[in-house]
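Below is one structure, written out as structure tokens, with a few remarks after it.
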Amino acid sequence: MPKTELNIPYSTAEEIRTTVEHLRAQAQAQTQRLSLAKRREQLLALYRLTDENREAIDDALRADFGRCYEDNNLCETMAVLRETAMAINRLETWCKPEPIPAELPYKTVEMELRRDPLGLVLIIGPWNYPFRLVLKPLVGALAAGNTVVLKPSELATHTATLIQRLVTKYLDPDVCRVVQGGPSETTQLLEYRFDHIFFTGSPRVGQIVAAAAARYLTTTTLELGGKSPCCVLDDADLPISLRRLYWGKNINAGQTCLAPDYLLCTPAAHDGIIATLRQVQDEFYPDGPRESPAFSRVLNVTQFRRLRALVEDALQTGAEVVVGGGLADWDEADLYIPPTCLTKVDPACRLMQEEIFGPILPIVTVADLDAMITFINDREHPLALYVFSTDRRRADRIIARTSAGSVCVNDTMLPTEGLYIPFGGVGQSGMGNYNGRHTFHTFSHAKPVLRNPLFFLPNLIWSARYPPYGHGAAPWKARVLNFLLAPEKLRGLNRGRSFVAANVAVLAGILAYYFF
Ligand code: NAD
């Protein structure tokens, strides 16, 4: 289905001001009293918002991307429902104070870790999965008891409009509101003070957001992009591996933050990979990708032309199309770009310099496994690293000698879906993480609360801190402190205090206190 565009009324400066000021006042009023019941009520409303509007969500995403129901359901609606259901069911457990383990001097102190709301938080979303990438972080923000400003991407116009309509209908306006707009409105929003900013988007805008946040020492989570490499080793199981790789590359027409960006292989594996990719292409799209409901369109003409320029540049520098029909098959009016694999790609060409974010897979041949490691390490840390191999030790060698937000062996895309997986980048691919409980932690402050009892033994122990310290006046103080604060014994070396001796000493002290 061809995509259409909708005119979104952008928020005015006055609307942005009143939204932020209202939610700021609510955050201040609520810090102490946004009850679990209220959080649960909002999470249930968010669940209903998604569940009762599956069709409208699918329609909006289809209009924005020409994306099919199965992909919309799997990647957006279900992802939000799973995250929300988990938060509803675990809310009480997550919010319970957690015990803090105590080393020797703290054995007498009662300690717990509380998770406080941060206050007023801002969530800024990108256009490529415009529903989930705004509402999944919202789940953790609500569970942690914050008030929230949502700024969906202005480029996925149908989804942005729907998000505003549904949030206004289902959620409490004292807790969550939507601001609409592009760079100018986001810049105005960033003038205000937030207690946390959760940004998903490009590294370039991530820098702008981080710089704005720094003005108020506001913390940020930056979920960014980059070039995620796929190392296909000579021993890989090609039929299974390349199906998994090609699916991850071409879902949403390659417009996925952790889509495989390029394929690294050796000359020995090269021809087999190309032959298998051709088979996979025929198997996935028997009537051709253009006719397949499972193959999406790129977002807009800007993206289409950007990708065309990248491929033209690669072809001029010696690359060859080995899967997909070449530029003649591209259709700007339909925003259709066929899944395209290129070989003989010059690592210096533009296609290999910027994140591709489209259904184009460059294949780069390098000498061996060590050359793959060097190739990856010569570039920015990717959001994901994929390794395809049947030899666990060879895969581990790459994993141990490279850095990436997450690693997946013999598959693609999995790190983002698991609710127990802290999903996020490293270096240029981002900072912080989320999913399930990790999202709740991202939006809360871990506040240790310590209570030191007033009775005799703890008082005696802790009074060793007080002056006068002098050896003459109170030699016992120095001895107590030296014993209590001595570093634990170094394992395998005969230095430091024995853990057993320390615990025996405390036990003896407690028994002495109670029995004598
Ligand atoms: P983008 O950075 O252009 O825009 C993201 C958001 O920032 C939008 O809401 C936009 O309105 C706002 N924005 C744009 N320019 C701005 C400016 N100058 N000042 C202030 N705000 C501005 O990103 P995009 O094109 O929407 O999304 C694609 C990027 O997002 C890719 O790099 C992709 O890898 C990344 N991404 C990352 C993840 C992840 O989870 N790590 C997920 C999806 C997308």
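Note on naming: chains are A, B, ... as they come in the structure tokens, residues start from 1 per chain, ligands start from 1 in the order shown.
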
(request) Looking only at strand (DSSP E or B) from DSSP on the backbone, list the matching residues of segment 184-405 of chain A as a PyMOL selection string. (result) chain A and resi 196-200+219-223+228-232+260-265+320-323+331+336+340-343+360-365+384-388

How would the residues just picked look written out with C-alpha atoms as an mmCIF file, in the first residue's frame?
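As a result, out.cif now contains:
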```
data_model
loop_
_atom_site.group_PDB
_atom_site.id
_atom_site.type_symbol
_atom_site.label_atom_id
_atom_site.label_comp_id
_atom_site.auth_asym_id
_atom_site.auth_seq_id
_atom_site.Cartn_x
_atom_site.Cartn_y
_atom_site.Cartn_z
ATOM 1 C CA HIS A 196 15.794 12.754 32.686
ATOM 2 C CA ILE A 197 15.751 12.695 28.896
ATOM 3 C CA PHE A 198 15.284 9.416 27.055
ATOM 4 C CA PHE A 199 16.258 9.964 23.433
ATOM 5 C CA THR A 200 16.094 7.476 20.572
ATOM 6 C CA THR A 219 20.820 12.654 32.963
ATOM 7 C CA THR A 220 20.201 11.129 29.529
ATOM 8 C CA THR A 221 19.611 7.745 28.010
ATOM 9 C CA LEU A 222 20.739 7.835 24.384
ATOM 10 C CA GLU A 223 19.531 4.983 22.195
ATOM 11 C CA SER A 228 26.161 -3.043 12.920
ATOM 12 C CA PRO A 229 28.527 -5.564 11.273
ATOM 13 C CA CYS A 230 27.717 -9.181 10.415
ATOM 14 C CA CYS A 231 30.716 -11.511 10.388
ATOM 15 C CA VAL A 232 29.890 -14.630 8.398
ATOM 16 C CA PRO A 260 22.784 -5.815 9.982
ATOM 17 C CA ASP A 261 24.495 -2.934 8.199
ATOM 18 C CA TYR A 262 27.193 -4.780 6.244
ATOM 19 C CA LEU A 263 28.486 -8.319 5.820
ATOM 20 C CA LEU A 264 32.127 -9.273 6.381
ATOM 21 C CA CYS A 265 33.441 -12.538 4.921
ATOM 22 C CA GLU A 320 28.602 -4.573 -8.231
ATOM 23 C CA VAL A 321 24.987 -5.477 -7.545
ATOM 24 C CA VAL A 322 24.749 -9.241 -6.990
ATOM 25 C CA VAL A 323 21.232 -9.533 -5.531
ATOM 26 C CA ASP A 331 10.740 3.525 -7.945
ATOM 27 C CA TYR A 336 10.271 1.278 -3.405
ATOM 28 C CA THR A 340 19.965 -5.124 -2.818
ATOM 29 C CA CYS A 341 23.303 -6.801 -2.084
ATOM 30 C CA LEU A 342 26.521 -5.318 -3.417
ATOM 31 C CA THR A 343 29.933 -6.882 -3.566
ATOM 32 C CA ILE A 360 20.998 -2.465 1.000
ATOM 33 C CA LEU A 361 23.633 -4.958 2.106
ATOM 34 C CA PRO A 362 27.269 -4.324 1.161
ATOM 35 C CA ILE A 363 29.493 -7.395 1.256
ATOM 36 C CA VAL A 364 33.100 -6.636 2.183
ATOM 37 C CA THR A 365 35.756 -9.287 1.740
ATOM 38 C CA ALA A 384 24.945 -4.729 17.649
ATOM 39 C CA LEU A 385 27.557 -7.174 16.432
ATOM 40 C CA TYR A 386 26.466 -10.337 14.657
ATOM 41 C CA VAL A 387 28.677 -13.395 14.248
ATOM 42 C CA PHE A 388 27.672 -16.446 12.226
#
```

(request) Apply DSSP to the structure's backbone, then extract all residues of segment 140-322 of chain A labelled alpha helix (DSSP H) and return them as a ChimeraX atom specification. (result) /A:140-143,157-170,183-190,203-214,238-250,267-284,301-316

(request) Let me have all residues with an atom within 7 Å of ligand 1, counting only C-alpha atoms and all ligand atoms, laid out as an MDAnalysis selection string. (result) chainID A and resid 124:129 133 151:154 181:184 186:187 200:206 208:209 223:226 256:258 355 383 424:425 429:430

Write out as a Markdown table a residue-level contact list of segment 187-279 of chain A versus segment 294-297 of chain A with cut-off 8 Å: for each qualifying residue the closest pair of atoms and the distance in Å to one decimal, counting only C-alpha atoms, rows sorted by chain and residue number upward.
```
| residue | atom | partner | partner_atom | distance |
| --- | --- | --- | --- | --- |
| A:Asn250 | CA | A:Phe295 | CA | 7.5 |
| A:Ile251 | CA | A:Phe295 | CA | 7.0 |
| A:Asn252 | CA | A:Ser296 | CA | 5.3 |
| A:Ala253 | CA | A:Ser296 | CA | 5.2 |
```

Store the residues picked out above in a file with C-alpha atoms, as a compact mmCIF listing (two decimals), in the first residue's frame.
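Here's the written file selection_11.txt:
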```txt
# COMPACT_ATOMS: atom_id res chain seq x y z
CA ASN A 250 15.03 -6.31 5.26
CA ILE A 251 12.31 -6.10 7.87
CA ASN A 252 10.87 -2.56 7.70
CA ALA A 253 12.93 -2.15 4.49
```

(request) Go through A:Ile376, A:Ile8, A:Ala102, A:Met78 and flag the residue nearest Ala156 of chain A, using only C-alpha atoms for the distances. (result) A:Ile8

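Proximity ranking of A:Met431, A:Ala404, A:Leu122, A:Val178 relative to Thr218 of chain A places A:Leu122 first, based on only C-alpha atoms.
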